[in-house]
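First comes the structure, then the notes that go with it.
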Number of protein chains: 2
Amino acid sequence: MTDEEMPTLHDVIAARPHVYRYLKPTPLYTYCGLSDMLGAKVWVKHENHLPVGAYKVRGGLNLVAHLSQSERDSGLFTASTGNHGQSIAFAARAYGLRATIAVPEGANPGKVAAMRGLGAEVVVHGPNYESALEWVVAAAAERGGRLVGGTENLLIHGVGSYGLEIVEDLPEVDVIVVPVGAGSGACATAIVAKTINPRIEVIAVQSAQAPAMQRSWLADKAVTVRAQTIADGLALSVPFENTRRILRKYLDDFVLVEDSAIEDAVLLLLEHTHNLAEGAAAAPLAAALNMKRRLAGKNVVLVMTGGNLSFERLRMLLAQSRKQGVPA
Amino acid sequence: MTDEEMPTLHDVIAARPHVYRYLKPTPLYTYCGLSDMLGAKVWVKHENHLPVGAYKVRGGLNLVAHLSQSERDSGLFTASTGNHGQSIAFAARAYGLRATIAVPEGANPGKVAAMRGLGAEVVVHGPNYESALEWVVAAAAERGGRLVGGTENLLIHGVGSYGLEIVEDLPEVDVIVVPVGAGSGACATAIVAKTINPRIEVIAVQSAQAPAMQRSWLADKAVTVRAQTIADGLALSVPFENTRRILRKYLDDFVLVEDSAIEDAVLLLLEHTHNLAEGAAAAPLAAALNMKRRLAGKNVVLVMTGGNLSFERLRMLLAQSRKQGVPA
């Protein structure tokens with residue numbers, strides 16, 4: 001990918017009519033409990049309020065809007081750990097297309113049920129994202145379908161609409177903290193924010209138990225690291241090349257947080273915002289708590305990327321917290 | 001109150017600019033898990049996505065917008081079990097006014113913290129809503145402040161904006177199920193829906209452990225019943241006269257649900273929608289589960305009036321459900 005092929009603010013602006021045809025901007029709220037805790041003015045961008053409960057749906061809607069008639073007729077094929085699949089299923093349904101989604105064994109059952117509820121065919125294959133991807137690449141080739149990558153530029157263009165909403169609703173934003181799975185959300189945020197105002201800091205977060213993108217960003221080359229995080233939205237072992245390069249160009253910093261800190265952050269968000277965050281969506285708060293001095297007094301936006309935490313995981317976290325008295 | 005003084009659809013339409021000056025329409029989403037469970041097409045109106053996490057903020061914003069300069073200068077005084085107080089605190093902050101909120105002992109600590117975070121003075125007084133109200137009536141008189149009732153028409157006009165959003169987003173709605181505390185939400189919903197289309201059924205719900213409004217509706221006169229529900233948003237012992245009369249005129253039916261069914265419904269909503277509902281906001285699902293035959297095949301809207309469930313209550317519910325295997 002050359003610089004010329006990198007998504008731009010203009011691409012994001014052009015994608016917006018396709019995104020807003022099917023959904024509304026999400027709220028950006030400040031919470032006094034979180035602000036007190038961090039010694040900053042803390043805002044949460046509620047991407048968990050979208051249909052399917054995650055920001056990715058913005059990208060799916062833009063991608064499907066741009067498909068040719070023959071691509072639409074051929075049906076869509078993609079692999080996902082969950083929210084990307086829901087996004088493609090939602091967009092396919094909106095446009096009346098068939099969608100086949102490959103997910104790894106043990107995928108979040110609520111996310112899988114939602115894909116099926118949206119009419120997608122869901123195929124469970126292999127132990128991780130990469131093996132599900134391998135299956136779906138072959139299936140798409142065999143059946144002549146349109147393979148949808150996890151980080152296509154058209155997805156990034158659509159996803160960028162939330163970044164634009166942040167800057168429009170809070171022009172005085174100083175720092176945006178965003179989690180990274182495949183990287184489309186962080187890329188889109190960084191492109192939008194840095195193009196509009198280079199002084200806005202964009203900080204990406206991964207789990208220390210799945211640091212492939214962060215290590216690749218630091219090394220400026222693809223580094224594969226086996227993902228062992230409990231946060232399914234962050235579970236990626238092999239970095240995507242296009243998002244790696246975009247992050248390298250636009251991102252200010254890329255930090256890691258422990259899975260245990262992510263779990264604490266899920267509970268803190270539940271207590272202080274009354275919103276359920278999935279692991280990935282709680283990682284920004286976990287990271288912010290490690291950067292209190294750096295964030296002090298600033299306008300800080302934490303992107304709550306999705307709310308699809310499984311019921312069983314939540315039950316486990318709450319039971320654990322009662323035993324340990326953490327963090328409430 | 002004569003019929004002429006009852007709020008109308010026109011009042012609701014006139015209130016909208018004041019409401020939307022500070023907040024955006026909330027989403028109405030369908031969930032396949034809930035639809036399967038009820039054998040109907042089930043939609044959830046996400047009033048929990050509003051600032052302060054509850055529909056009441058719509059009413060507060062409209063009321064404050066209509067105050068005279070001398071009322072604004074005198075400061076606002078009101079009593080609340082929680083969300084009404086947050087609404088008045090939010091609206092007072094938006095317009096730069098002082099607000100004094102009386103709450104009963106044991107009030108939801110998250111709601112109280114949110115009122116204080118919004119800059120309101122919170123006074124804890126007495127064991128229940130009625131005793132907090134008694135205190136604040138005296139305080140307002142003594143200090144020359146503007147007393148804000150819990151169900152003033154100006155509140156109902158603002159709250160009605162969510163009813164209008166429902167009918168606009170889903171013109172084919174057949175049934176709306178809405179919880180009743182003091183009754184402003186149910187009144188507003190019924191006025192809007194029945195005026196636009198008398199065939200839309202509006203069904204109100206109270207806890208069987210706090211049935212004052214339901215018994216009063218059935219008897220067509222004020223009936224006082226001591227409230228013992230775990231759902232703070234439904235805890236009312238002495239019915240409001242104006243909402244009782246509006247409900248009598250507009251409402252199709254008024255049902256009761258057990259607190260235990262409300263608790264199950266909180267967990268079902270968490271599992272199927274990934275949204276945290278406070279007790280009152282889960283009562284419509286609990287009621288719908290008791291009316292499956294009546295609702296079969298219909299377009300049913302459940303109003304999720306607020307999300308401010310306390311962390312401790314949620315922890316208790318989840319721990320309980322693990323023991324009993326209910327309902328997940």
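Simple scheme: letters A, B, ... for chains in structure tokens order, numbers from 1 for residues in each chain, numbers from 1 for ligands in the order shown.
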For a quick test of understanding: name the residues of chain A lying within 7 Å of chain B when counting only C-alpha atoms, and present them as a PyMOL selection string. chain A and resi 29+32+51+117+271+274-276+307-308+311+315+318-319
Output for the residues just chosen: C-alpha atoms as an mmCIF file, in the first residue's frame:
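The resulting file, result08.cif, is shown below:
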data_model
loop_
_atom_site.group_PDB
_atom_site.id
_atom_site.type_symbol
_atom_site.label_atom_id
_atom_site.label_comp_id
_atom_site.auth_asym_id
_atom_site.auth_seq_id
_atom_site.Cartn_x
_atom_site.Cartn_y
_atom_site.Cartn_z
ATOM 1 C CA TYR A 29 -21.004 11.553 27.415
ATOM 2 C CA CYS A 32 -18.065 12.544 36.850
ATOM 3 C CA PRO A 51 -27.148 -1.709 16.187
ATOM 4 C CA GLY A 117 -30.464 -13.763 13.731
ATOM 5 C CA GLU A 271 -20.546 0.887 37.824
ATOM 6 C CA HIS A 274 -24.183 1.679 33.589
ATOM 7 C CA ASN A 275 -23.028 0.399 30.218
ATOM 8 C CA LEU A 276 -21.764 -3.095 29.496
ATOM 9 C CA GLY A 307 -20.891 -3.934 24.352
ATOM 10 C CA ASN A 308 -21.012 -7.596 23.428
ATOM 11 C CA PHE A 311 -23.347 -13.146 30.040
ATOM 12 C CA ARG A 315 -21.174 -13.378 35.805
ATOM 13 C CA LEU A 318 -18.746 -10.121 39.200
ATOM 14 C CA ALA A 319 -18.314 -13.266 41.247
#
Please give chain A as a compact mmCIF listing (two decimals) with C-alpha atoms, in the first residue's frame, after it has been superposed on chain B by least squares over all Cα atoms paired in order.
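The result, written out as result.txt:
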# COMPACT_ATOMS: atom_id res chain seq x y z
CA MET A 1 -57.65 18.86 36.32
CA THR A 2 -60.23 19.19 33.59
CA ASP A 3 -59.92 17.55 30.19
CA GLU A 4 -58.88 20.92 28.80
CA GLU A 5 -55.83 20.91 31.06
CA MET A 6 -54.72 17.45 30.03
CA PRO A 7 -51.53 17.37 27.97
CA THR A 8 -52.08 16.87 24.25
CA LEU A 9 -50.09 15.65 21.26
CA HIS A 10 -49.70 19.30 20.31
CA ASP A 11 -48.01 20.04 23.65
CA VAL A 12 -45.57 17.20 23.01
CA ILE A 13 -44.74 18.45 19.52
CA ALA A 14 -44.21 21.96 20.88
CA ALA A 15 -41.84 20.62 23.56
CA ARG A 16 -39.52 18.88 21.13
CA PRO A 17 -37.22 21.79 20.25
CA HIS A 18 -36.49 22.25 23.98
CA VAL A 19 -35.77 18.55 24.38
CA TYR A 20 -33.58 18.18 21.29
CA ARG A 21 -31.59 21.28 22.13
CA TYR A 22 -29.67 19.10 24.61
CA LEU A 23 -30.15 15.49 23.53
CA LYS A 24 -30.68 13.26 20.52
CA PRO A 25 -33.47 10.78 19.75
CA THR A 26 -32.79 7.33 21.18
CA PRO A 27 -32.60 4.14 19.14
CA LEU A 28 -35.40 1.61 18.76
CA TYR A 29 -33.81 -1.79 18.11
CA THR A 30 -35.23 -5.23 17.52
CA TYR A 31 -33.55 -8.25 19.13
CA CYS A 32 -33.98 -11.71 17.69
CA GLY A 33 -33.45 -13.42 21.07
CA LEU A 34 -36.31 -11.51 22.68
CA SER A 35 -38.50 -11.90 19.61
CA ASP A 36 -38.01 -15.67 19.65
CA MET A 37 -38.74 -15.79 23.37
CA LEU A 38 -42.02 -13.90 23.02
CA GLY A 39 -43.18 -15.18 19.63
CA ALA A 40 -43.58 -11.56 18.56
CA LYS A 41 -41.46 -8.93 16.85
CA VAL A 42 -39.94 -7.27 19.89
CA TRP A 43 -38.39 -3.80 19.88
CA VAL A 44 -36.63 -2.06 22.75
CA LYS A 45 -36.80 1.73 23.05
CA HIS A 46 -33.42 2.64 24.52
CA GLU A 47 -34.15 5.50 26.89
CA ASN A 48 -31.22 4.14 28.91
CA HIS A 49 -28.98 5.66 26.21
CA LEU A 50 -29.87 9.22 27.22
CA PRO A 51 -27.67 11.46 29.36
CA VAL A 52 -28.26 10.51 33.03
CA GLY A 53 -29.45 7.15 31.71
CA ALA A 54 -33.19 7.71 31.89
CA TYR A 55 -36.13 9.16 29.93
CA LYS A 56 -37.00 11.72 32.58
CA VAL A 57 -34.31 14.11 31.38
CA ARG A 58 -36.59 14.94 28.43
CA GLY A 59 -39.18 16.33 30.84
CA GLY A 60 -36.74 18.31 32.95
CA LEU A 61 -35.33 20.06 29.89
CA ASN A 62 -38.79 21.13 28.74
CA LEU A 63 -39.86 22.32 32.17
CA VAL A 64 -36.77 24.43 32.78
CA ALA A 65 -37.04 25.97 29.31
CA HIS A 66 -40.49 27.31 30.24
CA LEU A 67 -39.64 28.86 33.61
CA SER A 68 -39.91 32.61 34.11
CA GLN A 69 -36.81 34.60 34.95
CA SER A 70 -37.90 34.94 38.59
CA GLU A 71 -38.44 31.18 38.85
CA ARG A 72 -35.00 30.59 37.38
CA ASP A 73 -33.43 33.01 39.81
CA SER A 74 -35.17 31.40 42.79
CA GLY A 75 -33.65 27.97 42.19
CA LEU A 76 -35.44 24.63 41.79
CA PHE A 77 -36.62 22.31 44.58
CA THR A 78 -37.88 18.81 44.04
CA ALA A 79 -38.11 15.35 45.62
CA SER A 80 -37.12 12.17 43.84
CA THR A 81 -36.31 8.51 44.25
CA GLY A 82 -33.58 9.07 41.67
CA ASN A 83 -34.12 9.62 37.96
CA HIS A 84 -36.46 12.61 38.25
CA GLY A 85 -33.85 14.26 40.46
CA GLN A 86 -31.14 13.55 37.91
CA SER A 87 -33.35 15.04 35.23
CA ILE A 88 -33.90 18.27 37.17
CA ALA A 89 -30.20 18.44 38.07
CA PHE A 90 -29.22 17.97 34.40
CA ALA A 91 -31.66 20.61 33.16
CA ALA A 92 -30.68 23.05 35.92
CA ARG A 93 -27.04 22.63 34.96
CA ALA A 94 -27.82 23.13 31.27
CA TYR A 95 -29.49 26.47 32.09
CA GLY A 96 -27.11 27.49 34.88
CA LEU A 97 -29.68 27.26 37.69
CA ARG A 98 -29.37 26.05 41.29
CA ALA A 99 -31.21 22.82 42.19
CA THR A 100 -32.01 21.25 45.57
CA ILE A 101 -33.11 17.61 45.45
CA ALA A 102 -34.57 15.73 48.41
CA VAL A 103 -34.14 11.95 48.29
CA PRO A 104 -35.20 9.28 50.75
CA GLU A 105 -32.68 7.38 52.88
CA GLY A 106 -31.28 4.39 51.02
CA ALA A 107 -31.71 6.08 47.63
CA ASN A 108 -29.74 4.49 44.77
CA PRO A 109 -26.18 5.73 45.46
CA GLY A 110 -25.24 5.98 41.78
CA LYS A 111 -28.24 8.22 41.12
CA VAL A 112 -27.40 10.41 44.12
CA ALA A 113 -23.74 10.70 43.06
CA ALA A 114 -24.84 11.66 39.55
CA MET A 115 -27.09 14.45 40.90
CA ARG A 116 -24.20 15.80 42.95
CA GLY A 117 -21.86 15.43 39.98
CA LEU A 118 -24.26 17.64 38.02
CA GLY A 119 -23.94 20.29 40.70
CA ALA A 120 -27.23 19.80 42.57
CA GLU A 121 -27.51 20.05 46.34
CA VAL A 122 -28.85 16.69 47.50
CA VAL A 123 -30.61 16.41 50.88
CA VAL A 124 -31.39 12.95 52.25
CA HIS A 125 -34.62 13.00 54.24
CA GLY A 126 -36.91 10.31 55.61
CA PRO A 127 -37.62 6.70 54.76
CA ASN A 128 -39.53 7.18 51.48
CA TYR A 129 -40.43 9.48 48.60
CA GLU A 130 -43.35 10.99 50.46
CA SER A 131 -41.23 12.10 53.42
CA ALA A 132 -38.55 13.56 51.15
CA LEU A 133 -41.34 15.44 49.37
CA GLU A 134 -42.68 16.80 52.64
CA TRP A 135 -39.24 18.20 53.48
CA VAL A 136 -38.70 19.81 50.11
CA VAL A 137 -42.14 21.43 50.00
CA ALA A 138 -41.31 23.17 53.27
CA ALA A 139 -37.78 24.09 52.15
CA ALA A 140 -39.01 25.60 48.87
CA ALA A 141 -41.64 27.67 50.72
CA GLU A 142 -39.12 28.87 53.28
CA ARG A 143 -36.47 29.83 50.72
CA GLY A 144 -38.88 31.12 48.08
CA GLY A 145 -37.78 28.53 45.50
CA ARG A 146 -39.66 26.99 42.57
CA LEU A 147 -41.08 23.66 43.70
CA VAL A 148 -41.08 21.12 40.87
CA GLY A 149 -43.72 18.42 41.14
CA GLY A 150 -42.98 14.89 40.02
CA THR A 151 -45.62 14.81 37.28
CA GLU A 152 -46.13 18.41 36.14
CA ASN A 153 -47.66 18.78 32.70
CA LEU A 154 -44.47 20.42 31.42
CA LEU A 155 -42.60 17.24 32.32
CA ILE A 156 -45.16 15.08 30.54
CA HIS A 157 -44.94 17.25 27.42
CA GLY A 158 -41.17 16.76 27.24
CA VAL A 159 -41.27 13.06 28.03
CA GLY A 160 -43.78 12.52 25.23
CA SER A 161 -41.00 13.05 22.71
CA TYR A 162 -39.93 9.43 23.16
CA GLY A 163 -43.46 8.25 22.40
CA LEU A 164 -43.42 10.26 19.21
CA GLU A 165 -40.03 8.78 18.28
CA ILE A 166 -41.49 5.28 18.69
CA VAL A 167 -44.43 5.93 16.39
CA GLU A 168 -42.26 7.74 13.84
CA ASP A 169 -39.60 5.01 13.75
CA LEU A 170 -42.11 2.14 13.77
CA PRO A 171 -45.46 3.31 12.39
CA GLU A 172 -46.64 -0.32 12.38
CA VAL A 173 -46.27 -0.64 16.18
CA ASP A 174 -49.15 -2.67 17.69
CA VAL A 175 -48.41 -2.60 21.42
CA ILE A 176 -46.28 -0.41 23.69
CA VAL A 177 -45.50 -1.69 27.19
CA VAL A 178 -44.31 0.97 29.63
CA PRO A 179 -43.56 0.94 33.36
CA VAL A 180 -45.27 3.27 35.85
CA GLY A 181 -43.68 4.98 38.83
CA ALA A 182 -45.30 8.39 39.20
CA GLY A 183 -46.79 7.84 35.76
CA SER A 184 -45.40 10.64 33.59
CA GLY A 185 -43.84 8.26 31.05
CA ALA A 186 -46.93 6.08 30.68
CA CYS A 187 -49.18 9.16 30.42
CA ALA A 188 -47.04 10.75 27.75
CA THR A 189 -46.79 7.50 25.78
CA ALA A 190 -50.53 6.90 25.94
CA ILE A 191 -51.45 10.46 24.92
CA VAL A 192 -49.14 10.37 21.92
CA ALA A 193 -49.90 6.86 20.73
CA LYS A 194 -53.67 6.92 21.19
CA THR A 195 -54.03 10.36 19.61
CA ILE A 196 -52.06 9.32 16.53
CA ASN A 197 -53.60 5.86 16.22
CA PRO A 198 -56.21 4.61 18.70
CA ARG A 199 -55.49 1.03 17.61
CA ILE A 200 -52.03 1.10 19.18
CA GLU A 201 -52.42 -0.66 22.53
CA VAL A 202 -50.65 0.99 25.46
CA ILE A 203 -50.16 -1.29 28.45
CA ALA A 204 -48.77 0.00 31.75
CA VAL A 205 -46.87 -2.12 34.28
CA GLN A 206 -46.24 -1.79 37.99
CA SER A 207 -44.66 -4.05 40.53
CA ALA A 208 -47.09 -6.16 42.53
CA GLN A 209 -45.01 -4.96 45.49
CA ALA A 210 -45.93 -1.30 44.74
CA PRO A 211 -49.35 -1.30 43.03
CA ALA A 212 -50.75 2.09 44.15
CA MET A 213 -51.20 3.51 40.65
CA GLN A 214 -52.60 0.27 39.25
CA ARG A 215 -55.14 -0.14 42.05
CA SER A 216 -56.09 3.52 41.69
CA TRP A 217 -56.53 3.08 37.95
CA LEU A 218 -58.78 0.06 38.45
CA ALA A 219 -60.82 1.74 41.18
CA ASP A 220 -60.94 5.10 39.36
CA LYS A 221 -59.98 6.86 42.58
CA ALA A 222 -56.81 7.39 44.59
CA VAL A 223 -55.80 4.26 46.50
CA THR A 224 -52.72 4.38 48.73
CA VAL A 225 -50.66 1.18 49.05
CA ARG A 226 -47.32 0.96 50.79
CA ALA A 227 -44.51 0.44 48.27
CA GLN A 228 -42.15 -2.43 49.03
CA THR A 229 -40.62 -3.08 45.62
CA ILE A 230 -36.91 -3.51 44.96
CA ALA A 231 -37.31 -1.33 41.85
CA ASP A 232 -36.66 2.20 43.12
CA GLY A 233 -38.16 3.74 40.00
CA LEU A 234 -41.50 2.08 40.80
CA ALA A 235 -41.55 2.81 44.55
CA LEU A 236 -44.59 5.05 45.00
CA SER A 237 -47.21 4.68 47.75
CA VAL A 238 -49.51 7.65 47.17
CA PRO A 239 -50.77 8.01 43.59
CA PHE A 240 -50.43 11.29 41.70
CA GLU A 241 -53.84 12.68 40.83
CA ASN A 242 -53.04 14.17 37.43
CA THR A 243 -51.34 11.08 36.03
CA ARG A 244 -54.03 8.84 37.50
CA ARG A 245 -56.67 10.77 35.57
CA ILE A 246 -54.70 10.80 32.33
CA LEU A 247 -54.08 7.06 32.55
CA ARG A 248 -57.74 6.46 33.24
CA LYS A 249 -58.63 8.30 30.04
CA TYR A 250 -55.97 6.93 27.68
CA LEU A 251 -54.59 3.61 28.91
CA ASP A 252 -55.71 0.24 27.49
CA ASP A 253 -54.60 -1.95 30.35
CA PHE A 254 -52.53 -1.90 33.52
CA VAL A 255 -50.86 -5.09 34.71
CA LEU A 256 -48.72 -6.13 37.69
CA VAL A 257 -45.55 -8.22 37.80
CA GLU A 258 -43.75 -9.74 40.75
CA ASP A 259 -40.40 -8.26 41.81
CA SER A 260 -38.82 -11.67 41.21
CA ALA A 261 -40.00 -11.59 37.58
CA ILE A 262 -38.52 -8.09 37.24
CA GLU A 263 -35.19 -9.41 38.48
CA ASP A 264 -35.25 -12.24 35.95
CA ALA A 265 -36.07 -9.71 33.22
CA VAL A 266 -33.04 -7.57 34.15
CA LEU A 267 -30.83 -10.59 33.48
CA LEU A 268 -32.63 -11.54 30.26
CA LEU A 269 -32.19 -8.00 28.93
CA LEU A 270 -28.54 -8.00 29.86
CA GLU A 271 -28.03 -11.27 28.05
CA HIS A 272 -30.03 -10.52 24.92
CA THR A 273 -29.48 -6.78 24.46
CA HIS A 274 -26.21 -6.21 26.38
CA ASN A 275 -27.88 -3.26 28.06
CA LEU A 276 -28.23 -2.75 31.79
CA ALA A 277 -31.85 -2.05 32.73
CA GLU A 278 -32.87 -0.82 36.14
CA GLY A 279 -35.82 -2.65 37.72
CA ALA A 280 -38.50 -0.33 36.36
CA ALA A 281 -37.03 -0.63 32.87
CA ALA A 282 -37.16 -4.42 32.99
CA ALA A 283 -40.80 -4.55 34.13
CA PRO A 284 -42.15 -4.34 30.54
CA LEU A 285 -40.31 -7.53 29.55
CA ALA A 286 -41.52 -9.26 32.71
CA ALA A 287 -45.07 -8.22 31.83
CA ALA A 288 -44.72 -9.26 28.19
CA LEU A 289 -43.61 -12.74 29.27
CA ASN A 290 -46.92 -13.03 31.14
CA MET A 291 -48.88 -11.97 28.01
CA LYS A 292 -47.35 -14.14 25.30
CA ARG A 293 -50.66 -15.23 23.81
CA ARG A 294 -51.95 -11.69 23.71
CA LEU A 295 -48.79 -10.37 22.03
CA ALA A 296 -48.19 -13.25 19.62
CA GLY A 297 -47.13 -12.10 16.16
CA LYS A 298 -47.45 -8.40 17.00
CA ASN A 299 -44.98 -5.53 16.82
CA VAL A 300 -44.27 -4.97 20.50
CA VAL A 301 -42.23 -2.10 21.92
CA LEU A 302 -40.78 -2.48 25.42
CA VAL A 303 -39.71 0.88 26.85
CA MET A 304 -36.35 0.53 28.60
CA THR A 305 -36.92 3.63 30.67
CA GLY A 306 -33.55 3.75 32.44
CA GLY A 307 -30.30 1.95 33.04
CA ASN A 308 -29.39 3.07 36.53
CA LEU A 309 -29.25 -0.24 38.32
CA SER A 310 -26.83 -0.19 41.21
CA PHE A 311 -23.69 -2.25 40.91
CA GLU A 312 -24.45 -4.05 44.16
CA ARG A 313 -27.93 -5.01 43.00
CA LEU A 314 -26.54 -6.40 39.75
CA ARG A 315 -23.89 -8.38 41.56
CA MET A 316 -26.56 -9.85 43.83
CA LEU A 317 -28.82 -10.76 40.92
CA LEU A 318 -26.05 -12.51 39.05
CA ALA A 319 -24.92 -14.42 42.10
CA GLN A 320 -28.50 -15.49 42.74
CA SER A 321 -29.03 -16.59 39.16
CA ARG A 322 -25.95 -18.77 39.31
CA LYS A 323 -27.30 -20.59 42.30
CA GLN A 324 -30.74 -21.06 40.80
CA GLY A 325 -29.85 -21.42 37.15
CA VAL A 326 -32.35 -18.65 36.37
CA PRO A 327 -32.93 -17.43 33.73
CA ALA A 328 -29.91 -17.97 31.49
If DSSP is run on the backbone, what residues of segment 199-323 of chain B are strand (DSSP E)? A reply as a ChimeraX atom specification would be ideal. /B:201-207,253-257,299-304
I'd like to know which residues of segment 197-324 of chain A are alpha helix (DSSP H) (by DSSP, run on the backbone); could you write them as a ChimeraX atom specification? /A:212-219,241-250,259-273,279-289,292-295,311-324
